[in-house]
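A.B. asks: Below you'll find input_39.txt; it's compact mmCIF, C-alpha atoms.
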```
# COMPACT_ATOMS: atom_id res chain seq x y z
CA MET A 9 122.16 103.25 86.44
CA ALA A 10 120.51 103.42 83.01
CA ASN A 11 118.19 100.70 81.75
CA VAL A 12 117.13 99.92 78.20
CA VAL A 13 114.50 97.30 77.41
CA LEU A 14 113.98 96.23 73.80
CA LYS A 15 111.70 93.77 72.02
CA LEU A 16 113.67 92.00 69.29
CA THR A 17 112.93 89.48 66.57
CA ASP A 18 114.52 86.02 66.56
CA GLU A 19 116.85 87.17 63.78
CA GLN A 20 117.93 90.26 65.73
CA ILE A 21 118.61 88.17 68.82
CA GLN A 22 120.74 85.72 66.83
CA GLN A 23 122.75 88.64 65.44
CA LEU A 24 123.20 90.01 68.98
CA LEU A 25 124.33 86.62 70.29
CA SER A 26 126.92 86.42 67.53
CA LYS A 27 128.50 89.66 68.79
CA ILE A 28 128.73 88.89 72.51
CA ASN A 29 130.23 86.18 74.67
CA ALA A 30 126.95 85.04 76.19
CA ASP A 31 126.50 82.72 79.16
CA THR A 32 123.66 80.24 78.61
CA THR A 33 124.17 78.12 81.74
CA ASN A 34 122.81 78.43 85.28
CA LEU A 35 120.23 81.00 84.22
CA PRO A 36 117.02 81.97 86.01
CA GLN A 37 113.85 80.52 84.51
CA GLY A 38 112.68 82.57 81.55
CA SER A 39 116.20 83.68 80.65
CA ARG A 40 117.85 82.68 77.39
CA ALA A 41 121.31 84.19 77.85
CA ARG A 42 123.22 86.90 79.66
CA ALA A 43 126.49 88.74 79.11
CA LYS A 44 128.53 91.71 80.22
CA VAL A 45 129.84 94.19 77.67
CA GLN A 46 131.78 97.31 78.66
CA GLY A 47 130.34 97.17 82.17
CA THR A 48 126.78 96.80 80.86
CA THR A 49 124.81 93.69 81.85
CA ILE A 50 122.70 92.22 79.07
CA HIS A 51 119.77 89.88 79.84
CA ILE A 52 118.10 88.08 76.93
CA TYR A 53 114.73 86.55 77.82
CA ASN A 54 112.72 83.77 76.19
CA SER A 55 110.02 86.37 75.52
CA ASN A 56 112.47 88.02 73.05
CA LYS A 57 112.89 91.02 75.32
CA VAL A 58 116.43 92.20 75.97
CA MET A 59 117.47 94.36 78.90
CA PHE A 60 120.66 96.45 78.98
CA GLN A 61 121.65 97.62 82.48
CA GLY A 62 124.50 99.97 83.31
CA ALA A 63 125.73 103.53 83.01
CA GLN A 64 126.48 102.97 79.28
CA ALA A 65 123.34 100.93 78.55
CA GLU A 66 122.11 103.12 75.70
CA SER A 67 125.46 103.42 73.95
CA VAL A 68 126.17 99.67 74.25
CA ALA A 69 122.72 98.86 72.87
CA GLN A 70 123.33 101.26 69.98
CA GLN A 71 126.78 99.80 69.36
CA LEU A 72 125.55 96.20 69.26
CA LEU A 73 122.18 96.71 67.56
CA GLY A 74 122.60 99.84 65.45
CA ASN A 75 119.28 101.10 64.16
CA ASP A 76 117.52 98.13 65.78
CA ALA A 77 118.14 99.78 69.14
CA GLN A 78 115.76 102.52 68.06
CA THR A 79 113.19 100.67 66.02
CA SER A 80 112.72 97.84 68.50
CA LYS A 81 112.03 99.79 71.68
CA ALA A 82 108.42 98.65 71.67
CA PRO A 83 106.67 95.56 70.30
CA SER A 84 105.05 96.04 66.93
CA LYS A 85 101.78 94.91 68.47
CA LYS A 86 100.15 97.72 70.41
CA LYS A 87 100.25 96.91 74.09
CA LYS A 88 97.96 98.04 76.84
CA THR A 89 99.88 100.30 79.19
CA THR A 90 99.81 100.07 82.96
CA THR A 91 97.01 101.87 84.78
CA ILE A 92 99.38 103.15 87.43
CA HIS A 93 99.73 106.93 87.41
CA SER A 94 102.92 108.18 89.04
CA THR A 95 101.60 111.73 89.14
CA ASP A 96 98.84 110.70 91.54
CA TYR A 97 101.06 108.96 94.11
CA PRO A 98 104.69 109.57 95.16
CA PHE A 99 105.80 105.94 95.21
CA ASN A 100 106.72 105.56 91.54
CA THR A 101 109.08 108.53 91.54
CA ALA A 102 110.88 107.27 94.65
CA ASN A 103 112.89 104.28 95.84
CA CYS A 104 110.23 101.98 97.20
CA ILE A 105 109.62 98.53 98.69
CA GLY A 106 106.16 97.15 97.97
CA SER A 107 104.57 94.01 99.41
CA ASP A 108 101.55 91.95 98.44
CA GLU A 109 100.22 88.42 98.78
CA ALA A 110 98.47 85.72 96.75
CA GLY A 111 96.44 82.65 97.58
CA SER A 112 94.56 84.12 100.53
CA GLY A 113 91.19 83.61 98.84
CA ASP A 114 92.01 80.23 97.27
CA TYR A 115 90.89 77.06 99.03
CA PHE A 116 93.70 75.01 97.49
CA GLY A 117 97.34 76.02 97.58
CA PRO A 118 99.62 78.06 99.83
CA LEU A 119 99.60 81.61 101.08
CA THR A 120 102.43 83.45 99.33
CA VAL A 121 103.82 86.90 100.16
CA CYS A 122 106.44 88.93 98.33
CA ALA A 123 108.24 92.18 99.07
CA ALA A 124 110.09 93.80 96.16
CA TYR A 125 112.36 96.85 95.94
CA VAL A 126 111.88 99.15 92.96
CA SER A 127 114.33 102.02 92.54
CA LYS A 128 113.48 105.20 90.62
CA GLU A 129 115.39 103.84 87.63
CA HIS A 130 113.73 100.44 87.69
CA ALA A 131 110.27 102.02 87.87
CA GLU A 132 110.70 103.05 84.23
CA VAL A 133 111.82 99.53 83.31
CA LEU A 134 108.72 98.03 84.94
CA LYS A 135 106.49 100.35 82.92
CA THR A 136 108.23 99.23 79.73
CA LEU A 137 107.81 95.56 80.63
CA GLY A 138 104.09 96.09 81.21
CA VAL A 139 103.96 95.42 84.94
CA ASP A 140 100.40 95.68 86.22
CA ASP A 141 98.17 94.21 88.92
CA SER A 142 98.47 90.40 88.82
CA LYS A 143 94.70 90.02 89.11
CA LYS A 144 94.39 91.48 85.60
CA LEU A 145 96.98 89.14 84.07
CA SER A 146 96.76 85.55 82.87
CA ASP A 147 98.89 82.91 84.59
CA LYS A 148 101.00 82.68 81.42
CA LYS A 149 101.72 86.43 81.52
CA ILE A 150 102.41 86.27 85.26
CA VAL A 151 105.08 83.63 84.68
CA GLU A 152 106.64 85.55 81.78
CA LEU A 153 106.88 88.80 83.74
CA ALA A 154 108.01 87.20 87.00
CA GLU A 155 110.84 85.33 85.33
CA GLN A 156 112.12 88.68 84.07
CA LEU A 157 111.61 90.58 87.33
CA VAL A 158 113.54 88.08 89.47
CA THR A 159 116.69 88.74 87.44
CA PHE A 160 117.06 92.35 88.60
CA LEU A 161 114.63 93.28 91.41
CA PRO A 162 115.76 92.69 95.01
CA HIS A 163 112.90 90.71 96.54
CA SER A 164 111.91 88.18 99.17
CA LEU A 165 109.27 85.46 98.72
CA GLN A 166 107.59 83.83 101.72
CA VAL A 167 105.51 80.69 101.13
CA LEU A 168 103.27 79.24 103.84
CA ASP A 169 102.25 75.79 102.60
CA ASN A 170 98.96 74.17 103.55
CA LYS A 171 100.37 71.98 106.30
CA ARG A 172 101.91 74.94 108.14
CA TYR A 173 98.88 77.12 107.40
CA ASN A 174 96.55 74.56 109.02
CA GLU A 175 98.90 74.12 111.99
CA ARG A 176 98.81 77.85 112.68
CA LYS A 177 95.05 77.89 112.38
CA GLN A 178 94.88 75.19 115.05
CA LEU A 179 97.04 77.40 117.26
CA GLY A 180 94.44 80.15 116.92
CA TRP A 181 96.16 82.31 114.31
CA SER A 182 93.89 84.27 112.00
CA GLN A 183 94.79 84.63 108.34
CA VAL A 184 95.44 88.33 109.02
CA LYS A 185 98.09 87.39 111.58
CA MET A 186 99.72 84.98 109.12
CA LYS A 187 99.84 87.72 106.50
CA ALA A 188 101.31 90.24 108.92
CA VAL A 189 104.10 87.86 109.95
CA LEU A 190 104.90 86.94 106.33
CA HIS A 191 104.78 90.53 105.06
CA ASN A 192 106.98 91.81 107.86
CA GLN A 193 109.56 89.06 107.35
CA ALA A 194 109.67 89.61 103.58
CA ILE A 195 110.06 93.38 104.03
CA GLU A 196 112.79 92.93 106.65
CA ASN A 197 114.70 90.62 104.30
CA VAL A 198 114.62 93.16 101.48
CA VAL A 199 115.52 96.07 103.76
CA ASN A 200 118.56 94.15 105.02
CA ARG A 201 119.61 93.37 101.46
CA ILE A 202 119.38 96.90 100.06
CA GLU A 203 120.94 98.47 103.14
CA ALA A 204 123.90 96.09 102.78
CA GLN A 205 124.25 97.44 99.23
CA ASN A 206 123.83 101.08 100.36
CA GLN A 207 120.74 101.54 98.19
CA PRO A 208 118.37 104.38 99.13
CA LEU A 209 114.88 103.81 100.50
CA ASP A 210 112.10 106.39 100.56
CA TYR A 211 108.94 104.33 101.15
CA ILE A 212 107.69 100.92 102.21
CA VAL A 213 104.19 100.38 100.83
CA ILE A 214 101.98 97.48 101.95
CA ASP A 215 98.85 96.47 100.08
CA GLN A 216 96.52 96.99 103.01
CA PHE A 217 94.83 93.94 104.56
CA ALA A 218 94.78 95.40 108.10
CA VAL A 219 95.14 98.81 109.71
CA ARG A 220 98.58 99.77 111.02
CA GLY A 221 97.82 99.00 114.68
CA VAL A 222 96.54 95.49 113.92
CA TYR A 223 99.49 94.81 111.63
CA GLN A 224 102.00 95.91 114.28
CA ASN A 225 100.27 93.80 116.92
CA TYR A 226 100.34 90.65 114.77
CA ALA A 227 103.72 90.97 113.04
CA LEU A 228 105.71 89.35 115.92
CA SER A 229 108.76 91.49 115.05
CA PRO A 230 109.22 95.28 114.83
CA MET A 231 108.29 96.98 111.58
CA PRO A 232 111.38 98.03 109.61
CA HIS A 233 111.33 101.83 109.19
CA PRO A 234 107.76 102.43 110.45
CA ASP A 235 108.21 106.14 109.66
CA LYS A 236 108.59 105.27 105.97
CA THR A 237 105.78 102.68 105.89
CA CYS A 238 102.41 103.32 104.25
CA PHE A 239 99.33 101.10 104.01
CA GLU A 240 97.36 101.53 100.78
CA THR A 241 94.09 99.94 99.71
CA LYS A 242 94.20 98.74 96.10
CA GLY A 243 97.91 99.39 96.37
CA GLU A 244 98.76 97.64 93.10
CA SER A 245 97.08 100.54 91.27
CA LYS A 246 99.13 103.11 93.21
CA SER A 247 102.60 101.59 93.37
CA LEU A 248 104.70 99.77 90.80
CA ALA A 249 106.57 98.13 93.68
CA ILE A 250 103.33 96.60 94.96
CA ALA A 251 102.38 95.61 91.41
CA ALA A 252 105.73 93.84 91.03
CA ALA A 253 105.32 92.13 94.41
CA SER A 254 101.81 91.11 93.36
CA ILE A 255 103.18 89.45 90.22
CA LEU A 256 105.97 87.65 92.08
CA SER A 257 103.70 86.40 94.87
CA ARG A 258 101.15 85.19 92.30
CA TYR A 259 103.97 83.51 90.36
CA ALA A 260 105.02 81.59 93.47
CA PHE A 261 101.39 80.57 94.05
CA VAL A 262 100.91 79.42 90.43
CA LYS A 263 104.13 77.39 90.43
CA HIS A 264 103.19 75.75 93.73
CA MET A 265 99.75 74.86 92.37
CA ASP A 266 101.34 73.38 89.25
CA HIS A 267 103.59 71.24 91.45
CA MET A 268 100.64 69.99 93.52
CA SER A 269 98.65 69.22 90.37
CA LYS A 270 101.48 67.11 88.97
CA LYS A 271 101.82 65.32 92.28
CA ILE A 272 98.23 64.04 92.26
CA GLY A 273 97.88 63.82 88.47
CA LYS A 274 94.95 66.24 88.35
CA ASN A 275 94.65 69.93 87.51
CA ILE A 276 93.70 71.60 90.80
CA PRO A 277 91.29 74.53 90.34
CA LYS A 278 91.99 77.95 91.82
CA GLY A 279 89.57 80.10 93.79
CA ALA A 280 86.77 78.95 96.10
CA SER A 281 83.84 78.30 93.78
CA LYS A 282 81.30 75.48 93.42
CA ALA A 283 83.68 73.82 90.96
CA VAL A 284 86.29 73.79 93.74
CA ASP A 285 83.79 72.10 96.09
CA LEU A 286 83.11 69.39 93.52
CA PHE A 287 86.80 68.83 92.90
CA ALA A 288 87.43 68.59 96.66
CA ALA A 289 84.62 66.01 97.02
CA ARG A 290 86.21 63.90 94.29
CA LEU A 291 89.56 64.13 96.07
CA ILE A 292 87.96 62.85 99.27
CA ASP A 293 86.44 59.96 97.34
CA LYS A 294 89.75 58.98 95.76
CA PHE A 295 92.36 59.91 98.37
CA GLY A 296 90.60 60.70 101.65
CA THR A 297 90.34 63.81 103.83
CA ASP A 298 93.98 63.75 104.92
CA THR A 299 95.14 64.28 101.35
CA LEU A 300 92.53 67.00 100.88
CA ASP A 301 93.74 68.85 103.97
CA ASN A 302 97.37 68.59 102.90
CA LEU A 303 96.47 70.46 99.71
CA SER A 304 94.02 73.01 101.08
CA LYS A 305 93.18 75.54 103.79
CA ALA A 306 91.10 73.48 106.18
CA ASP A 307 89.30 76.48 107.73
CA PHE A 308 87.56 77.39 104.46
CA LYS A 309 83.83 76.60 104.17
CA ASN A 310 84.66 74.68 100.99
CA ARG A 311 85.76 71.76 103.18
CA GLU A 312 82.34 71.26 104.76
CA LYS A 313 80.63 71.77 101.41
CA ALA A 314 82.88 69.12 99.85
CA LEU A 315 82.22 66.69 102.71
CA ASP A 316 78.48 67.24 102.29
CA LEU A 317 78.71 66.56 98.54
CA TYR A 318 80.77 63.45 99.23
CA ARG A 319 78.30 62.08 101.78
CA LYS A 320 75.41 62.65 99.38
CA LYS A 321 77.39 61.26 96.45
CA GLN A 322 76.68 64.45 94.51
CA PHE A 323 80.10 64.95 93.01
CA ASN A 324 80.14 62.82 89.87
CA ASP A 325 80.17 64.39 86.40
```
Translate this file's structure into structure tokens.

C.D. replies:
Amino acid sequence: MANVVLKLTDEQIQQLLSKINADTTNLPQGSRARAKVQGTTIHIYNSNKVMFQGAQAESVAQQLLGNDAQTSKAPSKKKKTTTIHSTDYPFNTANCIGSDEAGSGDYFGPLTVCAAYVSKEHAEVLKTLGVDDSKKLSDKKIVELAEQLVTFLPHSLQVLDNKRYNERKQLGWSQVKMKAVLHNQAIENVVNRIEAQNQPLDYIVIDQFAVRGVYQNYALSPMPHPDKTCFETKGESKSLAIAAASILSRYAFVKHMDHMSKKIGKNIPKGASKAVDLFAARLIDKFGTDTLDNLSKADFKNREKALDLYRKKQFND
């Protein structure tokens, strides 16, 4: 299946909308409209990017946009390209599931894991969209990219909120075990989905947080296709599938943090810094430790630091 991704102006998008019977209801976040023309699916995003998907994607784009289909293939502003080099690793020229997590080093917020399937064809689309390691991207860019990726990448998101995280800690689970269980479940979900659709699979690539033996011991369920599974350190720089999973898992983390912030009426900081300790101490002062623990990972040292600041009354601005 061919894919064409274009960056259009507002005027060009309005002209495109006037030529197609676009659906503007029940759309994923970040989507402006979608339509189907001659078997080609058209996604129009709020970012002004337009994706044509289908065997006739190029001809349909040319038919609807004329010369704009050529002149608009890249934004006028020069964009930094991804640092992933497909010639160095086999994953980006294959059909690959990648998995990664977010929130593991953040005192506040959940642990989120995503597995995403990237076919050979979609690998080129991801490069055009500017998919890269989520650690290098702003939260705004994470949201923009994720809301495009969810419209066409088969994926599975697993979110372990703070209450369930703390419960598992009390049962003696390490964070590595939690990750292994979440990664394996997310991968299994995606494998089941693509196999039901008869889509090919060459590799499963996990951003390594444990060696294979430890992962297998902790996962609770058998690894899907262990013969196709690789563990890669700094995997987001080696696999577009991991980079996509990284973006989607970070997106889930960011959205969850936004929801928690709205719930308490305060902007909750990310990470595990001194500023996080001070914020946690203020939360204890206003809401108590139960509220703090419902929003955070209680095994982090930040908790004791925050309690110490609270007891000493060293948390005021």

A.B. asks: Mind giving me the straight-line distance from CA of Ile255 in chain A to CA of Ser146 in chain A in Å, one decimal?

C.D. replies: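 According to the coordinates, CA of Ile255 in chain A and CA of Ser146 in chain A are separated by 10.5 Å.
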
A.B. asks: Residues at most 9 Å from Gly106 in chain A, counting only C-alpha atoms, excluding those fewer than 6 positions away in the same chain, as a VMD selection string?

C.D. replies: chain A and resid 122 to 126 195 211 to 215 243 to 244 247 to 254

A.B. asks: Just give me the gap between CA of Ala43 in chain A and CA of Gly62 in chain A in Å, one decimal is fine.

C.D. replies: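 Interatomic distance here is 12.2 Å.
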
A.B. asks: Range 127-131 of chain A: which residues within 8 Å, counting only C-alpha atoms, same-chain residues fewer than 3 positions away excluded, as a ChimeraX atom specification?

C.D. replies: /A:9-11,100-104,134-135,248-249

A.B. asks: To one decimal place in Å, what is the distance between CA of Asn34 in chain A and CA of Asp169 in chain A?

C.D. replies: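 Rounded to one decimal, the two atoms are 27.0 Å apart.
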
A.B. asks: Do you know which residues are at most 10 Å from Gly47 in chain A counting only C-alpha atoms, after dropping those on the same chain fewer than 6 positions away, and could you put them as a list in words?

C.D. replies: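 So the residues in contact are Gln61, Gly62, Ala63, Gln64, Ala65 and Val68 of chain A.
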